[in-house]
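Accompanying notes for the structure given below.
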Amino acid sequence: MSIFHDLTVKPWVTTQGTVEDFHDRATARKLALRVFLAVVTVLFMLLVVAYGRRMAYEDWRPSPQLGLLWANTFALVLSSVALQWAQFSVRRGHMDGMRIALLAGGAFTVVFLVGQILAWRQLSALVYFDVTNPAIAFFYLITGLHGLHLLGGLVAWGRTFARVWGDFDVARIRHSVELCTLYWHYLLGIWLVLFGLLFSGNNLDILLKLCGIR
Amino acid sequence: MSSVAHDASLFVPPAEVEEVELYHPKTFVGKYIWSQDAKIIAVQYAITAMGIGLVALVLSWLMRLQLGFPDRFSFIDPSNYLQFVTMHGMIMVIYLLTALFLGGFGNYLIPLMVGARDMVFPYVNMVSYWVYLFAVLLLTASFFVTGGPTGAGWTLYPPQAISQGTPGASAGIILMLVSLAFFIIGFTMGGLNYVVTVLQARTRGMTLMRLPLTVWGIFMATVLALLAFPALFVSAIMMILDLTLGTSFFMPAVVSMGKQTGHVGGNPLLFQHLFWFFGHPEVYIVALPAFGMVSDLLSVHARKNIFGYRMMVWAIVAIGALSFLVWAHHMYVSGMNPYFGFFFATTTLIIAVPTAIKVYNWVLTLWRGNIHLTVPMLFAIGFIFTFINGGLTGLFLGNATVSVPLSDTMFVVAHFHMVMAIAPILVVFGAIYHWYPKITGRMLNDTLGKFHFWVSFVGSYGIYYPMHYLGMMGVPRRYYAIGGTDFIPASAHFVNEWITIAALIVGAVQLVFLYNLIWSYFNGRPSGSNPWNATTLEWQTPDTPPKHGNFGATLPVVYRWAYDYSVPGAVDDFIPQNVPPREVAGRNSSKT
């Protein structure tokens with residue numbers, strides 16, 4: 001039933017209403033995650049807009065580009081692929097494959113986070129480092145907030161990983177793995193946007209003009 | 001779980017729903033302190049919000065004492081006057097109204113009204129309250145640190161907010177920003193619960209369009225808050241970094257106290273955009289629950305179905321969506337492009353359309369209704385008057401050309417207090433008088449309630465009506481003293497005295513309300529389960545106050561909307577939502 005139909009029925013006509021069973025708990029968890037991802041989207045969208053708006057100023061000094069970020073991005077892609085593999089495995093009942101993939105997903109995420117910290121240190125050691133440069137400040141803020149979201153994801157991942165040993169409820173684990181996978185894919189997507197932004201230097205001129213910012 | 005549709009006019013088999021796993025505590029601490037029951041959490045939210053709200057009330061008294069009787073009180077100096085203004089505004093908007101409407105009423109009413117046993121994630125709900133309490137304690141702590149709380153105004157604009165010379169520019173502002181960040185984290189936990197519970201935990205038969213408007217209002221306000229608070233969160237973090245690490249997100253190169261600061265190239269306007277991207281939806285985060293609740297109060301106490309239910313729902317959704325397109329009308333004097341001003345003035349005025357639809361529908365609900373002038377009804381009618389007054393002055397301030405000369409005058413203060421302070425608070429009071437019997441099992445004292453209403457209502461007009469005139473004379477807001485300014489006549493000082501006396505009286509009468517809450521809890525008349533003969537599910541619980549799990553052994557099945565009052569041919573003047581059509585027909589035939 002479409003939302004448009006739902007919102008146009010005449011509720012005062014008793015026979016128009018139908019009496020439906022309500023949804024289960026797994027659906028509720030998935031919905032909660034999606035709503036949370038909407039909140040996360042707004043958070044990073046605002047940061048992107050703020051960054052783009054600041055880029056438009058004449059005194060914009062792009063942040064130095066760090067090659068390490070490419071390697072970190074590759075690690076995050078691998079973590080997302082691994083979790084997709086875990087989801088694929090649990091849906092087909094391959095529990096050993098699911099365990100290995102889940103472990104790999106977490107490990108690659110830790111690699112990504114450690115890589116981000118190294119990138120922070122690299123940047124702070126450069127001669128260009130200047131905390132009053134908005135590009136550098138935005139770099140730390142954006143990567144920091146993204147990393148915190150991944151850390152939160154690792155808590156959920158850890159709870160799931162702790163339950164996949166011995167006897168466990170397969171349906172529940174499958175559901176948890178699906179939620180982790182969705183979250184990781186989404187944070188990867190957000191990172192790719194942020195990575196493009198942070199790595200663009202001063203090359204977003206056309207985009208800024210299209211948006212009417214420059 | 002299968003999704004089987006049944007025609008509501010036929011017999012519906014008992015609900016085959018999976019039992020919610022409720023945590024049933026056995027100790028007092030588990031039941032009332034670390035509680036996972038949404039109803040207890042609601043009371044915890046309400047008590048905390050009203051507690052910190054009392055602090056804000058006292059701050060408003062102190063402000064008014066200075067304005068009404070300048071330099072009479074040695075303990076009020078320019079610095080702490082600004083601190084009173086700032087803390088009063090922030091506490092009232094965020095820590096009282098937002099928390100009370102969503103954390104308080106949302107927690108109590110959503111599960112009961114949608115026919116659920118509890119919120120979908122009770123543990124997260126509990127954590128949400130404790131994080132909120134921590135945020136309140138952080139804010140309160142700022143009163144006791146060196147330099148006191150921030151005095152930057154509730155909008156916290158940089159560079160002023162974190163520049164030396166502004167009261168509380170070191171520890172005070174940090175505590176405020178960290179407190180706001182925690183408030184938002186806590187709210188997000190609660191907000192996810194409210195949204196998911198409304199969408200996923202409704203009992204059988206409770207379709208979206210059978211939801212009471214109270215739930216619609218709280219639901220939409222929660223969606224707005226979830227999408228708007230990230231802007232405040234981001235700006236709070238950025239400002240903390242500007243202050244502590246010396247970044248320049250918002251801070252331009254400025255000379256402060258005769259010295260060049262280390263900042264360079266920050267953009268203060270960016271903060272204003274982020275703040276108001278949150279700040280304007282915040283108005284509707286407070287207003288939409290009030291809209292929803294007042295609709296239900298009017299319908300119940302006028303014994304009439306709400307007029308234009310679908311329009312009311314659509315208007316709530318439309319107002320919510322439009323509220324994200326108007327933020328820069330708070331920034332007309334920031335030097336923005338005039339075309340932007342035109343755009344934001346237009347969107348602002350468009351919001352008046354769905355809002356006016358709601359006002360007409362409230363009035364038309366009263367038209368030829370069987371109006372019972374109970375205390376909740378008095379507050380509901382008081383709300384309509386006040387909201388219309390505040391809304392009309394909003395038309396002045398929404399127009400860029402009219403708004404510019406009125407900016408930063410008392411006219412603005414009068415407008416927003418009418419529309420988002422007095423109007424929602426009247427609904428809060430009406431709602432408490434309405435639902436207190438369900439929460440405690442006892443009625444509030446009627447005489448004290450009417451006294452409370454009339455003094456609050458008339459007194460509020462005594463405060464804010466004259467304030468509009470002060471604003472039109474050009475009396476500025478946020479000034480500690482206006483001194484012997486030529487364009488302000490001596491009569492303005494007399495008006496200020498009058499306003500202060502009215503404010504002291506209105507503040508004092510709230511103590512009568514608090515006394516009534518406590519006295520009636522022990523001595524009030526037992527209410528029974530449905531003292532107002534209302535139709536919604538919270539009044540159909542087997543126990544009053546409802547026990548943990550809300551509805552006893554089986555969840556109710558809903559057969560109708562929430563507004564079957566005075567249905568022609570029906571025996572009673574109300575038909576609860578869980579009464580099947582066959583039973584109504586049976587009652588009628590046995591009567592004839």
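Letters A, B, ... mark the chains of the structure tokens in the order given; residue numbers begin at 1 per chain; ligand numbers begin at 1, in order shown.
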request  = Might you pull out every residue within 8 Å of B:Thr393, with only C-alpha atoms counted and same-chain residues fewer than 4 positions away left off, and present them as a PyMOL selection string?
outcome  = chain B and resi 389+397+415
message = Near chain B, meaning an atom within 10 Å, which residues of chain A appear when counting only C-alpha atoms? Write them as a VMD selection string.
response = chain A and resid 3 6 to 25 27 to 36 38 to 47 49 to 51 53 to 54 57 59 to 60 130 to 138 141 145
task = Please run DSSP on the backbone and report, as a VMD selection string, all residues within stretch 237-416 of chain B that come out as strand (DSSP E).
result = chain B and resid 255 to 256 259 to 260
Point-to-point distance in Å for atom CA of B:Ser295 and atom CA of B:Ala38 =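 Computing the Euclidean distance for atom CA of B:Ala38 and atom CA of B:Ser295 yields 23.3 Å.
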message = To test your reading of the structure, identify every residue in stretch 64-102 of chain A that backbone DSSP assigns to alpha helix (DSSP H), and report it as JSON, numbers by chain.
response = {"A": [68, 69, 70, 71, 72, 73, 74, 75, 76, 77, 78, 79, 80, 81, 82, 83, 84, 85, 86, 87, 88, 89, 90, 91, 95, 96, 97, 98, 99, 100, 101, 102]}
task = Please measure the separation of atom CA of B:Val124 and atom CA of A:Val90, giving the value in Å to one decimal.
result =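 For atom CA of B:Val124 relative to atom CA of A:Val90, the distance reads 27.4 Å.
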